[in-house]
$ cat coords13.cif   # mmCIF, C-alpha atoms; chains and numbers go by the auth columns
data_protein
loop_
_atom_site.group_PDB
_atom_site.id
_atom_site.type_symbol
_atom_site.label_atom_id
_atom_site.label_comp_id
_atom_site.label_asym_id
_atom_site.label_seq_id
_atom_site.Cartn_x
_atom_site.Cartn_y
_atom_site.Cartn_z
_atom_site.B_iso_or_equiv
_atom_site.auth_seq_id
_atom_site.auth_asym_id
ATOM 1 C CA GLN A 1 -3.372 -3.398 12.838 0.00 183 A
ATOM 2 C CA ILE A 2 -3.654 0.260 13.844 0.00 184 A
ATOM 3 C CA GLU A 3 -0.983 -0.167 16.515 0.00 185 A
ATOM 4 C CA LEU A 4 1.284 -1.959 14.033 0.00 186 A
ATOM 5 C CA ALA A 5 0.807 0.863 11.504 0.00 187 A
ATOM 6 C CA ARG A 6 1.602 3.491 14.167 0.00 188 A
ATOM 7 C CA LYS A 7 4.765 1.605 15.139 0.00 189 A
ATOM 8 C CA GLN A 8 5.887 1.310 11.515 0.00 190 A
ATOM 9 C CA ALA A 9 5.319 5.036 10.981 0.00 191 A
ATOM 10 C CA ARG A 10 7.318 5.886 14.134 0.00 192 A
ATOM 11 C CA ASP A 11 10.117 3.513 13.086 0.00 193 A
ATOM 12 C CA ARG A 12 10.338 5.340 9.755 0.00 194 A
ATOM 13 C CA GLY A 13 10.243 8.785 11.339 0.00 195 A
ATOM 14 C CA LEU A 14 6.904 9.667 9.707 0.00 196 A
ATOM 15 C CA THR A 15 5.092 12.307 11.715 0.00 197 A
ATOM 16 C CA ASN A 16 2.458 13.591 9.273 0.00 198 A
ATOM 17 C CA ILE A 17 0.247 10.474 9.430 0.00 199 A
ATOM 18 C CA GLU A 18 -2.771 9.883 11.623 0.00 200 A
ATOM 19 C CA PHE A 19 -4.330 6.442 12.143 0.00 201 A
ATOM 20 C CA GLN A 20 -7.802 5.742 13.473 0.00 202 A
ATOM 21 C CA ALA A 21 -10.373 2.967 13.358 0.00 203 A
ATOM 22 C CA ALA A 22 -13.839 3.787 12.042 0.00 204 A
ATOM 23 C CA ASP A 23 -16.891 2.192 10.480 0.00 205 A
ATOM 24 C CA ALA A 24 -16.846 1.905 6.665 0.00 206 A
ATOM 25 C CA TYR A 25 -20.428 3.157 6.497 0.00 207 A
ATOM 26 C CA SER A 26 -19.787 6.097 8.817 0.00 208 A
ATOM 27 C CA PRO A 27 -16.059 6.925 8.783 0.00 209 A
ATOM 28 C CA ARG A 28 -16.342 9.959 11.125 0.00 210 A
ATOM 29 C CA LEU A 29 -14.058 12.026 8.911 0.00 211 A
ATOM 30 C CA PRO A 30 -14.774 15.489 7.514 0.00 212 A
ATOM 31 C CA GLU A 31 -16.776 15.358 4.284 0.00 213 A
ATOM 32 C CA ASN A 32 -15.524 17.109 1.140 0.00 214 A
ATOM 33 C CA SER A 33 -12.010 17.211 2.620 0.00 215 A
ATOM 34 C CA PHE A 34 -9.814 14.727 0.793 0.00 216 A
ATOM 35 C CA ASP A 35 -8.278 14.536 -2.658 0.00 217 A
ATOM 36 C CA LEU A 36 -8.299 10.728 -2.578 0.00 218 A
ATOM 37 C CA ALA A 37 -10.208 7.968 -0.779 0.00 219 A
ATOM 38 C CA TYR A 38 -8.815 4.455 -1.266 0.00 220 A
ATOM 39 C CA CYS A 39 -9.663 0.928 -0.153 0.00 221 A
ATOM 40 C CA ARG A 40 -8.318 -2.484 -1.063 0.00 222 A
ATOM 41 C CA LEU A 41 -10.144 -5.764 -0.435 0.00 223 A
ATOM 42 C CA VAL A 42 -12.655 -4.082 1.862 0.00 224 A
ATOM 43 C CA LEU A 43 -15.939 -3.784 -0.037 0.00 225 A
ATOM 44 C CA MET A 44 -16.046 -7.509 -0.840 0.00 226 A
ATOM 45 C CA HIS A 45 -16.257 -8.251 2.893 0.00 227 A
ATOM 46 C CA LEU A 46 -19.168 -5.892 3.528 0.00 228 A
ATOM 47 C CA THR A 47 -22.867 -6.660 3.345 0.00 229 A
ATOM 48 C CA ARG A 48 -23.600 -3.187 1.912 0.00 230 A
ATOM 49 C CA PRO A 49 -20.717 -2.256 -0.408 0.00 231 A
ATOM 50 C CA VAL A 50 -22.683 0.496 -2.188 0.00 232 A
ATOM 51 C CA ASP A 51 -23.321 2.274 1.122 0.00 233 A
ATOM 52 C CA ALA A 52 -19.641 2.105 2.050 0.00 234 A
ATOM 53 C CA LEU A 53 -18.638 3.451 -1.364 0.00 235 A
ATOM 54 C CA GLN A 54 -21.125 6.315 -0.987 0.00 236 A
ATOM 55 C CA ALA A 55 -19.511 7.126 2.364 0.00 237 A
ATOM 56 C CA MET A 56 -16.093 7.206 0.660 0.00 238 A
ATOM 57 C CA ARG A 57 -17.536 9.428 -2.075 0.00 239 A
ATOM 58 C CA SER A 58 -18.751 11.918 0.517 0.00 240 A
ATOM 59 C CA LEU A 59 -15.211 12.263 1.899 0.00 241 A
ATOM 60 C CA VAL A 60 -13.579 13.533 -1.297 0.00 242 A
ATOM 61 C CA LYS A 61 -13.726 17.086 -2.555 0.00 243 A
ATOM 62 C CA PRO A 62 -15.503 17.776 -5.837 0.00 244 A
ATOM 63 C CA GLY A 63 -12.988 16.611 -8.447 0.00 245 A
ATOM 64 C CA GLY A 64 -11.426 14.231 -5.902 0.00 246 A
ATOM 65 C CA THR A 65 -10.932 10.546 -6.689 0.00 247 A
ATOM 66 C CA VAL A 66 -12.261 7.379 -5.079 0.00 248 A
ATOM 67 C CA TYR A 67 -10.143 4.316 -5.900 0.00 249 A
ATOM 68 C CA CYS A 68 -10.979 0.732 -4.928 0.00 250 A
ATOM 69 C CA GLU A 69 -9.430 -2.673 -5.574 0.00 251 A
ATOM 70 C CA GLU A 70 -11.461 -5.854 -5.135 0.00 252 A
ATOM 71 C CA MET A 71 -11.002 -9.501 -6.105 0.00 253 A
ATOM 72 C CA ASP A 72 -13.200 -11.843 -8.073 0.00 254 A
ATOM 73 C CA LEU A 73 -12.604 -15.274 -6.568 0.00 255 A
ATOM 74 C CA GLY A 74 -14.340 -16.809 -9.574 0.00 256 A
ATOM 75 C CA CYS A 75 -11.499 -15.770 -11.906 0.00 257 A
ATOM 76 C CA TRP A 76 -8.274 -17.663 -11.198 0.00 258 A
ATOM 77 C CA LEU A 77 -5.948 -20.118 -12.897 0.00 259 A
ATOM 78 C CA CYS A 78 -4.276 -23.414 -12.106 0.00 260 A
ATOM 79 C CA ASP A 79 -2.392 -25.278 -14.850 0.00 261 A
ATOM 80 C CA PRO A 80 -2.493 -28.211 -14.726 0.00 262 A
ATOM 81 C CA PRO A 81 -5.768 -28.227 -12.766 0.00 263 A
ATOM 82 C CA VAL A 82 -5.622 -29.178 -9.086 0.00 264 A
ATOM 83 C CA ALA A 83 -8.856 -30.212 -7.357 0.00 265 A
ATOM 84 C CA ALA A 84 -7.851 -28.541 -4.093 0.00 266 A
ATOM 85 C CA MET A 85 -7.754 -25.163 -5.868 0.00 267 A
ATOM 86 C CA SER A 86 -11.306 -25.479 -7.174 0.00 268 A
ATOM 87 C CA GLN A 87 -12.524 -26.659 -3.789 0.00 269 A
ATOM 88 C CA PHE A 88 -10.703 -23.821 -2.012 0.00 270 A
ATOM 89 C CA PHE A 89 -12.381 -21.132 -4.111 0.00 271 A
ATOM 90 C CA GLU A 90 -15.812 -22.801 -4.069 0.00 272 A
ATOM 91 C CA LEU A 91 -15.724 -22.994 -0.266 0.00 273 A
ATOM 92 C CA ASN A 92 -14.454 -19.437 0.081 0.00 274 A
ATOM 93 C CA VAL A 93 -17.250 -18.059 -2.130 0.00 275 A
ATOM 94 C CA ALA A 94 -19.886 -20.214 -0.381 0.00 276 A
ATOM 95 C CA LEU A 95 -18.785 -19.019 3.065 0.00 277 A
ATOM 96 C CA GLY A 96 -18.872 -15.423 1.883 0.00 278 A
ATOM 97 C CA GLU A 97 -22.356 -15.815 0.423 0.00 279 A
ATOM 98 C CA LEU A 98 -23.561 -17.377 3.676 0.00 280 A
ATOM 99 C CA ARG A 99 -22.470 -14.187 5.442 0.00 281 A
ATOM 100 C CA GLY A 100 -23.689 -11.706 2.831 0.00 282 A
ATOM 101 C CA GLU A 101 -20.182 -10.948 1.582 0.00 283 A
ATOM 102 C CA HIS A 102 -19.317 -10.548 -2.092 0.00 284 A
ATOM 103 C CA PHE A 103 -16.199 -12.540 -2.974 0.00 285 A
ATOM 104 C CA ARG A 104 -16.838 -12.120 -6.701 0.00 286 A
ATOM 105 C CA LEU A 105 -17.277 -8.351 -6.442 0.00 287 A
ATOM 106 C CA GLY A 106 -14.209 -7.403 -8.499 0.00 288 A
ATOM 107 C CA SER A 107 -15.807 -8.051 -11.882 0.00 289 A
ATOM 108 C CA SER A 108 -18.904 -5.992 -11.050 0.00 290 A
ATOM 109 C CA LEU A 109 -17.152 -3.253 -9.066 0.00 291 A
ATOM 110 C CA HIS A 110 -17.710 -0.778 -11.894 0.00 292 A
ATOM 111 C CA GLN A 111 -21.465 -1.261 -11.408 0.00 293 A
ATOM 112 C CA VAL A 112 -21.156 -0.638 -7.666 0.00 294 A
ATOM 113 C CA PHE A 113 -19.454 2.663 -8.515 0.00 295 A
ATOM 114 C CA ARG A 114 -22.391 3.622 -10.739 0.00 296 A
ATOM 115 C CA GLU A 115 -24.881 2.691 -8.000 0.00 297 A
ATOM 116 C CA ALA A 116 -22.910 4.883 -5.597 0.00 298 A
ATOM 117 C CA GLY A 117 -23.335 7.908 -7.873 0.00 299 A
ATOM 118 C CA PHE A 118 -20.232 7.883 -10.054 0.00 300 A
ATOM 119 C CA GLU A 119 -21.057 8.491 -13.716 0.00 301 A
ATOM 120 C CA LYS A 120 -17.846 7.458 -15.485 0.00 302 A
ATOM 121 C CA PRO A 121 -15.801 4.893 -13.561 0.00 303 A
ATOM 122 C CA GLU A 122 -12.464 3.781 -15.019 0.00 304 A
ATOM 123 C CA VAL A 123 -11.201 0.190 -14.762 0.00 305 A
ATOM 124 C CA ASP A 124 -7.984 -1.788 -14.797 0.00 306 A
ATOM 125 C CA SER A 125 -6.924 -5.179 -13.486 0.00 307 A
ATOM 126 C CA ASN A 126 -4.063 -7.235 -12.181 0.00 308 A
ATOM 127 C CA PHE A 127 -3.712 -10.991 -12.589 0.00 309 A
ATOM 128 C CA VAL A 128 -0.624 -12.324 -10.824 0.00 310 A
ATOM 129 C CA LEU A 129 0.896 -15.604 -12.040 0.00 311 A
ATOM 130 C CA VAL A 130 3.418 -17.661 -10.050 0.00 312 A
ATOM 131 C CA LEU A 131 5.261 -20.939 -10.546 0.00 313 A
ATOM 132 C CA ARG A 132 7.322 -21.003 -7.366 0.00 314 A
ATOM 133 C CA GLY A 133 8.084 -19.075 -4.229 0.00 315 A
ATOM 134 C CA GLU A 134 6.467 -17.923 -1.040 0.00 316 A
ATOM 135 C CA GLU A 135 3.450 -16.457 -2.866 0.00 317 A
ATOM 136 C CA LYS A 136 2.137 -19.953 -3.576 0.00 318 A
ATOM 137 C CA ARG A 137 1.870 -20.572 0.182 0.00 319 A
ATOM 138 C CA LEU A 138 -0.704 -17.801 0.531 0.00 320 A
ATOM 139 C CA LEU A 139 -3.626 -20.025 -0.491 0.00 321 A
ATOM 140 C CA TRP A 140 -2.756 -22.711 2.001 0.00 322 A
ATOM 141 C CA MET A 141 -2.300 -20.125 4.772 0.00 323 A
ATOM 142 C CA THR A 142 -5.615 -18.460 3.859 0.00 324 A
ATOM 143 C CA PHE A 143 -7.407 -21.810 3.862 0.00 325 A
ATOM 144 C CA ASP A 144 -5.879 -22.601 7.242 0.00 326 A
ATOM 145 C CA GLU A 145 -7.519 -19.402 8.561 0.00 327 A
ATOM 146 C CA PHE A 146 -11.029 -19.837 7.164 0.00 328 A
ATOM 147 C CA SER A 147 -11.494 -23.626 6.977 0.00 329 A
ATOM 148 C CA PRO A 148 -12.509 -23.987 10.674 0.00 330 A
ATOM 149 C CA GLU A 149 -15.389 -21.610 9.975 0.00 331 A
ATOM 150 C CA ALA A 150 -16.411 -23.589 6.863 0.00 332 A
ATOM 151 C CA VAL A 151 -16.452 -26.751 9.009 0.00 333 A
ATOM 152 C CA ARG A 152 -18.550 -24.994 11.714 0.00 334 A
ATOM 153 C CA GLU A 153 -21.014 -23.888 9.029 0.00 335 A
ATOM 154 C CA ASN A 154 -21.240 -27.499 7.740 0.00 336 A
ATOM 155 C CA LEU A 155 -19.952 -26.527 4.311 0.00 337 A
ATOM 156 C CA ILE A 156 -17.308 -29.264 4.567 0.00 338 A
ATOM 157 C CA SER A 157 -16.248 -32.022 6.949 0.00 339 A
ATOM 158 C CA GLN A 158 -13.010 -31.791 8.886 0.00 340 A
ATOM 159 C CA SER A 159 -11.547 -34.657 6.864 0.00 341 A
ATOM 160 C CA GLY A 160 -12.525 -32.865 3.641 0.00 342 A
ATOM 161 C CA ALA A 161 -10.854 -29.693 4.900 0.00 343 A
ATOM 162 C CA ASN A 162 -7.738 -31.675 5.759 0.00 344 A
ATOM 163 C CA GLN A 163 -7.615 -33.076 2.203 0.00 345 A
ATOM 164 C CA ILE A 164 -7.898 -29.598 0.669 0.00 346 A
ATOM 165 C CA ALA A 165 -5.195 -28.269 3.007 0.00 347 A
ATOM 166 C CA ALA A 166 -2.873 -31.113 1.998 0.00 348 A
ATOM 167 C CA GLY A 167 -3.533 -30.416 -1.691 0.00 349 A
ATOM 168 C CA LEU A 168 -2.796 -26.714 -1.224 0.00 350 A
ATOM 169 C CA ARG A 169 0.431 -27.505 0.646 0.00 351 A
ATOM 170 C CA ASP A 170 1.480 -29.794 -2.190 0.00 352 A
ATOM 171 C CA LEU A 171 0.657 -27.074 -4.731 0.00 353 A
ATOM 172 C CA ALA A 172 2.806 -24.579 -2.826 0.00 354 A
ATOM 173 C CA GLU A 173 5.803 -26.907 -3.178 0.00 355 A
ATOM 174 C CA ASP A 174 5.147 -27.870 -6.821 0.00 356 A
ATOM 175 C CA GLU A 175 7.236 -25.723 -9.155 0.00 357 A
ATOM 176 C CA THR A 176 5.640 -27.196 -12.278 0.00 358 A
ATOM 177 C CA THR A 177 2.082 -25.977 -11.662 0.00 359 A
ATOM 178 C CA LEU A 178 1.228 -22.443 -12.723 0.00 360 A
ATOM 179 C CA PHE A 179 -1.012 -20.633 -10.283 0.00 361 A
ATOM 180 C CA GLY A 180 -2.928 -17.444 -11.047 0.00 362 A
ATOM 181 C CA PHE A 181 -4.177 -15.511 -8.046 0.00 363 A
ATOM 182 C CA PRO A 182 -7.774 -14.307 -8.280 0.00 364 A
ATOM 183 C CA LEU A 183 -8.401 -11.414 -10.620 0.00 365 A
ATOM 184 C CA LEU A 184 -7.854 -8.089 -8.860 0.00 366 A
ATOM 185 C CA VAL A 185 -9.935 -5.310 -10.389 0.00 367 A
ATOM 186 C CA GLN A 186 -9.182 -1.628 -9.846 0.00 368 A
ATOM 187 C CA VAL A 187 -11.950 0.918 -10.332 0.00 369 A
ATOM 188 C CA TRP A 188 -11.694 4.648 -9.783 0.00 370 A
ATOM 189 C CA ALA A 189 -13.777 7.708 -10.495 0.00 371 A
ATOM 190 C CA GLN A 190 -13.885 11.384 -9.756 0.00 372 A
ATOM 191 C CA ARG A 191 -16.592 12.987 -7.723 0.00 373 A
#

$ encode --input "coords13.cif" --output "C-alpha cells"
Amino acid sequence: QIELARKQARDRGLTNIEFQAADAYSPRLPENSFDLAYCRLVLMHLTRPVDALQAMRSLVKPGGTVYCEEMDLGCWLCDPPVAAMSQFFELNVALGELRGEHFRLGSSLHQVFREAGFEKPEVDSNFVLVLRGEEKRLLWMTFDEFSPEAVRENLISQSGANQIAAGLRDLAEDETTLFGFPLLVQVWAQR
C-alpha cells in the first residue's frame, strides 16, 4: 500500500508528501508536531484501541485535532431482509472477537476518546444506502476475503460459507433490495 501511495503521489506530481510504515502504538513520529492526526477503520482492527488513540494524541500539538472513523458492524440495514446479510455480519463480528478486534467499535468510539484523555469528543455519522451498483458487490468481495479464515476457525463449514457467498452475490445483483452499509461513526477532539 505504501508503494502504491508513493506511485500515485508521483503520478500526480505531489512532492510534499512522505509515506512510511509504522506501528499504531508507537508511530515513530515527532510528538507535539502535527495539527491533525487521522485514521479510518484502523482502531477496530486493533487489540488495544485506547493505546493507539493515545499515541495519536501525543502526535498533535496542543489545540491540534485527532479524528477517527470506525464502523459498527451491528448497525446495518437490508430491506427486505436477506439471511446471507445477517450471517455475513454475525460471522465477521465473531471472527473479530476471536482475535480481540472490535468490529462494533463505532458506536462506542466516543468512550474510547474519553479513555484516551480527550474531555469533549464530538461525534457525527454516515449511513450509506444503496439499491444498485458496484457498491453492493463490496459485501460479497469482503466475505470472499475473510470466509476462508472463518472456516479455518470452525465458525462455519465450507458449504455454509458457499451458501452465504451465493446469497451475497444474489443481493449484489438485486436492484429491489435496499442495503445499508454498516454505520460509520466519526469522532474528533482537540488535545

$ resolve_selection --input "coords13.cif" --expression "the PyMOL selection byres ((chain A and resi 320) around 12)" --output "JSON, numbers by chain"
{"A": [270, 312, 314, 315, 316, 317, 318, 319, 321, 322, 323, 324, 325, 326, 327, 347, 350, 351, 353, 354, 355, 361, 362, 363, 364]}

$ resolve_selection --input "coords13.cif" --expression "the PyMOL selection byres ((chain A and resi 215) around 9)" --output "list in words"
Leu211, Pro212, Glu213, Asn214, Phe216, Asp217, Ser240, Leu241, Val242 and Lys243 of chain A

$ closest_residue --input "coords13.cif" --among "A:Leu235, A:Ala298, A:Val305, A:Ala266" --to "Asn344 (chain A)" --atoms "all atoms listed in the file"
A:Ala266

$ residues_around --input "coords13.cif" --residues "Tyr249 (chain A)" --least-positions-apart "6" --cutoff "6 Å" --atoms "only C-alpha atoms" --output "ChimeraX atom specification"
/A:220,369-370

$ resolve_selection --input "coords13.cif" --expression "the PyMOL selection byres ((chain A and resi 252-254) around 6)" --output "ChimeraX atom specification"
/A:223,251,255-257,285-289,364-367

$ write_last_selection --input "coords13.cif" --atoms "C-alpha atoms" --output "CSV table (one decimal), keeping the file's coordinate frame"
chain,number,residue,atom,x,y,z
A,223,LEU,CA,-10.1,-5.8,-0.4
A,251,GLU,CA,-9.4,-2.7,-5.6
A,255,LEU,CA,-12.6,-15.3,-6.6
A,256,GLY,CA,-14.3,-16.8,-9.6
A,257,CYS,CA,-11.5,-15.8,-11.9
A,285,PHE,CA,-16.2,-12.5,-3.0
A,286,ARG,CA,-16.8,-12.1,-6.7
A,287,LEU,CA,-17.3,-8.4,-6.4
A,288,GLY,CA,-14.2,-7.4,-8.5
A,289,SER,CA,-15.8,-8.1,-11.9
A,364,PRO,CA,-7.8,-14.3,-8.3
A,365,LEU,CA,-8.4,-11.4,-10.6
A,366,LEU,CA,-7.9,-8.1,-8.9
A,367,VAL,CA,-9.9,-5.3,-10.4

$ closest_residue --input "coords13.cif" --among "A:Asn336, A:Gln368, A:Thr359, A:Asn274" --to "Cys221 (chain A)" --atoms "only C-alpha atoms"
A:Gln368

$ residues_near_point --input "coords13.cif" --point "(-24.2, 6.7, -5.1)" --cutoff "9 Å" --atoms "all atoms listed in the file" --output "number ranges by chain"
A: 232-233, 235-237, 239, 294-300

$ residues_around --input "coords13.cif" --residues "Gln202 (chain A)" --least-positions-apart "4" --cutoff "12 Å" --atoms "only C-alpha atoms" --output "PyMOL selection string"
chain A and resi 183-188+206+209-211
